[in-house]
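**Q** Supplied structure: run_13.csv, CSV, C-alpha atoms.
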```
chain,number,residue,atom,x,y,z
P,1233,MET,CA,10.2,36.4,-5.7
P,1234,THR,CA,13.3,36.1,-3.6
P,1235,GLY,CA,13.3,39.9,-3.2
P,1236,ASP,CA,9.7,39.9,-2.2
P,1237,TYR,CA,9.8,37.0,0.3
P,1238,GLY,CA,13.4,36.6,1.2
P,1239,GLU,CA,13.2,38.6,4.4
P,1240,TYR,CA,10.5,36.2,5.7
P,1241,LEU,CA,12.8,33.1,5.4
P,1242,ALA,CA,15.0,32.0,8.2
P,1243,GLN,CA,18.3,32.5,6.4
P,1244,ASP,CA,20.5,31.8,9.5
P,1245,ALA,CA,20.3,28.1,8.8
P,1246,TRP,CA,20.9,28.3,5.1
P,1247,PRO,CA,24.0,26.8,3.4
P,1248,LYS,CA,26.7,29.4,2.5
P,1249,GLU,CA,25.8,29.2,-1.2
P,1250,TRP,CA,22.2,30.2,-0.5
P,1251,LYS,CA,23.4,33.1,1.7
P,1252,ASP,CA,25.6,34.3,-1.2
P,1253,GLU,CA,22.9,33.9,-3.8
P,1254,PRO,CA,19.3,33.7,-2.3
P,1255,ALA,CA,17.8,32.8,-5.6
P,1256,LEU,CA,19.3,29.3,-5.2
P,1257,ALA,CA,17.0,28.8,-2.2
P,1258,LEU,CA,14.0,29.6,-4.3
P,1259,ARG,CA,15.2,27.2,-7.1
P,1260,TRP,CA,15.7,24.4,-4.5
P,1261,ALA,CA,12.1,25.0,-3.1
P,1262,LEU,CA,10.6,25.0,-6.6
P,1263,CYS,CA,12.4,21.8,-7.5
P,1264,VAL,CA,11.1,20.1,-4.2
P,1265,VAL,CA,7.5,21.1,-5.0
P,1266,SER,CA,7.7,20.1,-8.7
P,1267,SER,CA,9.2,16.7,-7.9
P,1268,ARG,CA,7.3,15.9,-4.7
P,1269,ALA,CA,3.9,17.5,-5.0
P,1270,THR,CA,0.8,15.5,-5.7
P,1271,ALA,CA,-2.0,16.6,-8.0
P,1272,ALA,CA,-5.0,17.6,-6.0
P,1273,ASN,CA,-8.2,19.7,-6.1
P,1274,ARG,CA,-7.5,23.4,-5.9
P,1275,ARG,CA,-9.8,23.5,-2.9
P,1276,ALA,CA,-9.6,20.4,-0.6
P,1277,GLY,CA,-12.3,17.9,-1.5
P,1278,ASP,CA,-14.0,20.1,-4.2
P,1279,ASN,CA,-13.9,18.2,-7.5
P,1280,ASP,CA,-15.1,21.3,-9.3
P,1281,SER,CA,-12.4,23.7,-8.1
P,1282,GLY,CA,-9.8,22.9,-10.7
P,1283,THR,CA,-6.4,21.2,-10.3
P,1284,GLY,CA,-3.7,22.3,-7.9
P,1285,VAL,CA,-0.8,20.6,-6.2
P,1286,ARG,CA,-0.1,19.7,-2.5
P,1287,LEU,CA,2.9,18.5,-0.6
P,1288,ILE,CA,1.6,15.6,1.5
P,1289,PRO,CA,3.9,14.1,4.2
P,1290,LEU,CA,5.1,10.5,3.4
P,1291,VAL,CA,3.1,10.3,0.2
P,1292,ASP,CA,6.2,10.9,-1.9
P,1293,LEU,CA,7.8,7.7,-0.3
P,1294,ALA,CA,5.4,5.5,-2.4
P,1295,ASN,CA,7.1,4.6,-5.6
P,1296,HIS,CA,5.3,4.4,-9.0
P,1297,ARG,CA,3.9,1.1,-10.2
P,1298,LYS,CA,1.5,1.0,-13.1
P,1299,ALA,CA,-0.4,-1.9,-11.7
P,1300,SER,CA,-1.1,-0.1,-8.4
P,1301,GLY,CA,-4.1,2.0,-7.5
P,1302,GLY,CA,-3.9,5.8,-7.6
P,1303,PHE,CA,-4.2,8.4,-4.9
P,1304,ILE,CA,-7.7,9.1,-3.8
P,1305,GLU,CA,-8.6,12.6,-2.4
P,1306,LEU,CA,-11.6,12.4,0.0
P,1307,SER,CA,-14.5,14.8,-0.4
P,1308,GLY,CA,-15.9,13.9,3.0
P,1309,ASN,CA,-19.1,12.4,1.4
P,1310,GLU,CA,-17.8,8.8,0.9
P,1311,ARG,CA,-20.0,6.2,2.4
P,1312,ILE,CA,-19.7,2.4,2.4
P,1313,MET,CA,-23.4,2.1,1.7
P,1314,TYR,CA,-22.8,3.9,-1.6
P,1315,ASP,CA,-20.1,1.4,-2.6
P,1316,ASP,CA,-17.2,3.6,-1.5
P,1317,PHE,CA,-14.5,1.8,0.5
P,1318,MET,CA,-14.9,3.9,3.7
P,1319,ASP,CA,-17.2,6.2,5.6
P,1320,ALA,CA,-15.7,9.7,5.6
P,1321,THR,CA,-16.8,12.8,7.4
P,1322,SER,CA,-16.3,16.5,6.7
P,1323,ASP,CA,-13.1,16.3,8.9
P,1324,ASP,CA,-11.6,14.0,6.3
P,1325,THR,CA,-12.1,16.4,3.4
P,1326,GLY,CA,-8.9,16.8,1.4
P,1327,SER,CA,-7.2,13.8,3.0
P,1328,PHE,CA,-5.4,11.4,0.7
P,1329,VAL,CA,-5.8,7.6,0.7
P,1330,VAL,CA,-3.6,5.0,-0.9
P,1331,ARG,CA,-5.3,1.7,-1.2
P,1332,SER,CA,-3.2,-1.4,-0.4
P,1333,THR,CA,-4.0,-3.4,-3.6
P,1334,TRP,CA,-2.4,-4.2,-6.9
P,1335,LYS,CA,-4.2,-4.9,-10.1
P,1336,CYS,CA,-3.1,-8.3,-11.5
P,1337,GLY,CA,-4.8,-8.6,-14.8
P,1338,THR,CA,-8.5,-7.8,-14.1
P,1339,SER,CA,-8.6,-8.6,-10.4
P,1340,ARG,CA,-7.2,-6.9,-7.3
P,1341,VAL,CA,-4.8,-8.5,-5.0
P,1342,ASP,CA,-4.4,-7.4,-1.4
P,1343,LEU,CA,-0.9,-6.6,-0.2
P,1344,GLU,CA,0.7,-8.7,2.4
P,1345,LYS,CA,3.1,-7.8,5.2
P,1346,GLY,CA,6.4,-6.8,3.8
P,1347,ASP,CA,5.1,-5.8,0.3
P,1348,GLU,CA,6.2,-2.5,-1.0
P,1349,ILE,CA,3.5,0.2,-1.0
P,1350,THR,CA,3.4,1.6,-4.5
P,1351,VAL,CA,0.9,3.9,-6.3
P,1352,ASN,CA,0.1,4.6,-9.9
P,1353,TYR,CA,1.2,8.2,-10.5
P,1354,ASN,CA,-1.4,8.3,-13.4
P,1355,LEU,CA,0.3,10.8,-15.7
P,1356,PRO,CA,-1.1,9.5,-19.1
P,1357,GLY,CA,0.0,12.6,-21.1
P,1358,TYR,CA,3.7,12.3,-19.9
P,1359,GLN,CA,6.3,11.1,-22.3
P,1360,ALA,CA,9.6,9.6,-21.1
P,1361,VAL,CA,11.3,13.0,-21.1
P,1362,ASP,CA,8.5,14.5,-19.0
P,1363,TRP,CA,8.8,11.8,-16.4
P,1364,PHE,CA,12.6,12.2,-16.3
P,1365,VAL,CA,12.6,16.0,-16.0
P,1366,SER,CA,9.6,16.3,-13.6
P,1367,LEU,CA,10.2,13.2,-11.4
P,1368,GLY,CA,13.8,12.1,-12.0
P,1369,PHE,CA,13.0,8.7,-13.5
P,1370,VAL,CA,11.4,7.0,-16.5
P,1371,PRO,CA,8.9,4.2,-15.5
P,1372,ALA,CA,9.4,0.7,-16.8
P,1373,GLU,CA,6.3,0.9,-19.0
P,1374,LEU,CA,8.0,3.7,-21.1
P,1375,SER,CA,11.4,2.2,-21.2
P,1376,SER,CA,11.0,1.0,-24.8
P,1377,SER,CA,10.4,4.7,-25.8
P,1378,THR,CA,13.7,6.0,-24.3
P,1379,MET,CA,16.7,7.1,-26.3
P,1380,LYS,CA,20.2,8.1,-25.4
P,1381,ALA,CA,20.9,11.8,-25.3
P,1382,ASN,CA,24.3,12.7,-26.8
P,1383,GLY,CA,26.2,15.9,-25.8
P,1384,GLU,CA,25.2,18.3,-23.1
P,1385,LEU,CA,21.5,18.7,-22.2
```
If you convert what's in this file into structure tokens, what do you get?
**A**
Amino acid sequence: MTGDYGEYLAQDAWPKEWKDEPALALRWALCVVSSRATAANRRAGDNDSGTGVRLIPLVDLANHRKASGGFIELSGNERIMYDDFMDATSDDTGSFVVRSTWKCGTSRVDLEKGDEITVNYNLPGYQAVDWFVSLGFVPAELSSSTMKANGEL
């Protein structure tokens, strides 16, 4: 890929290591996408289009918390009168929303000024090693299933 797309990248601002070995730039970019991207519909707002990923500014600043709500991708058809939490228009299609509530038992609690905004990453199939390799941490709810790795990885 570096050979195919390398000439389109602004290499003048690259660190020396990338200039010497352009494949390092591609590795860095893939790591950024794999650790920061959010699961999304392949086509914005189209629930039937399959799963893709998107980089969404500021969303990756929300830390994981199992008791938090998840990301919500708008289709543009949401209406309060249909028990949705907002009225959306076609201009909102593909936008992501993080609701400011935590689940405490069976009820929701609104956040107050100064509370951390967190989101449930909702990765039910991930084991501790998947979380660590993909996201760089192991969530507290999986801490009992962790083990020490001896030797080199």
**Q** Could you tell me how far CA of Tyr1353 (chain P) sits from CA of Ala1276 (chain P), in Å to one decimal place?
**A**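 Value for the CA of Ala1276 (chain P)-CA of Tyr1353 (chain P) distance: 19.1 Å.
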**Q** Between CA of Asp1324 (chain P) and CA of Ser1307 (chain P), what is the spacing in Å?
**A** 7.3 Å
**Q** For a quick check of understanding, using all atoms listed in the file, which of P:Lys1345, P:Ser1327, P:Ser1267, P:Phe1317 has the smallest distance to Asp1362 (chain P)?
**A**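 Among the listed residues, the smallest separation from Asp1362 (chain P) belongs to P:Ser1267.
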**Q** To one decimal place, how far is CA of Leu1290 (chain P) from CA of Phe1303 (chain P) in Å?
**A** 12.6 Å
**Q** Between P:Leu1343, P:Glu1310, P:Glu1253, P:Gly1284, which one has atoms that come closest to Ser1266 (chain P), using all atoms listed in the file?
**A** P:Gly1284
**Q** If we draw a sphere of 6 Å around (3.6, -1.2, -5.1), which residues have at least one atom in it when counting all atoms listed in the file? Please report them as a PyMOL selection string.
**A** chain P and resi 1297+1300+1348-1351
**Q** Using all atoms listed in the file for the distances, tell me which of P:Leu1355, P:Leu1306, P:Gly1301, P:Phe1364 is nearest to Arg1331 (chain P).
**A** P:Gly1301
**Q** Could you check which of P:Lys1298, P:Thr1325, P:Ala1257, P:Asp1342 is closest to Gln1243 (chain P), using only C-alpha atoms?
**A** P:Ala1257
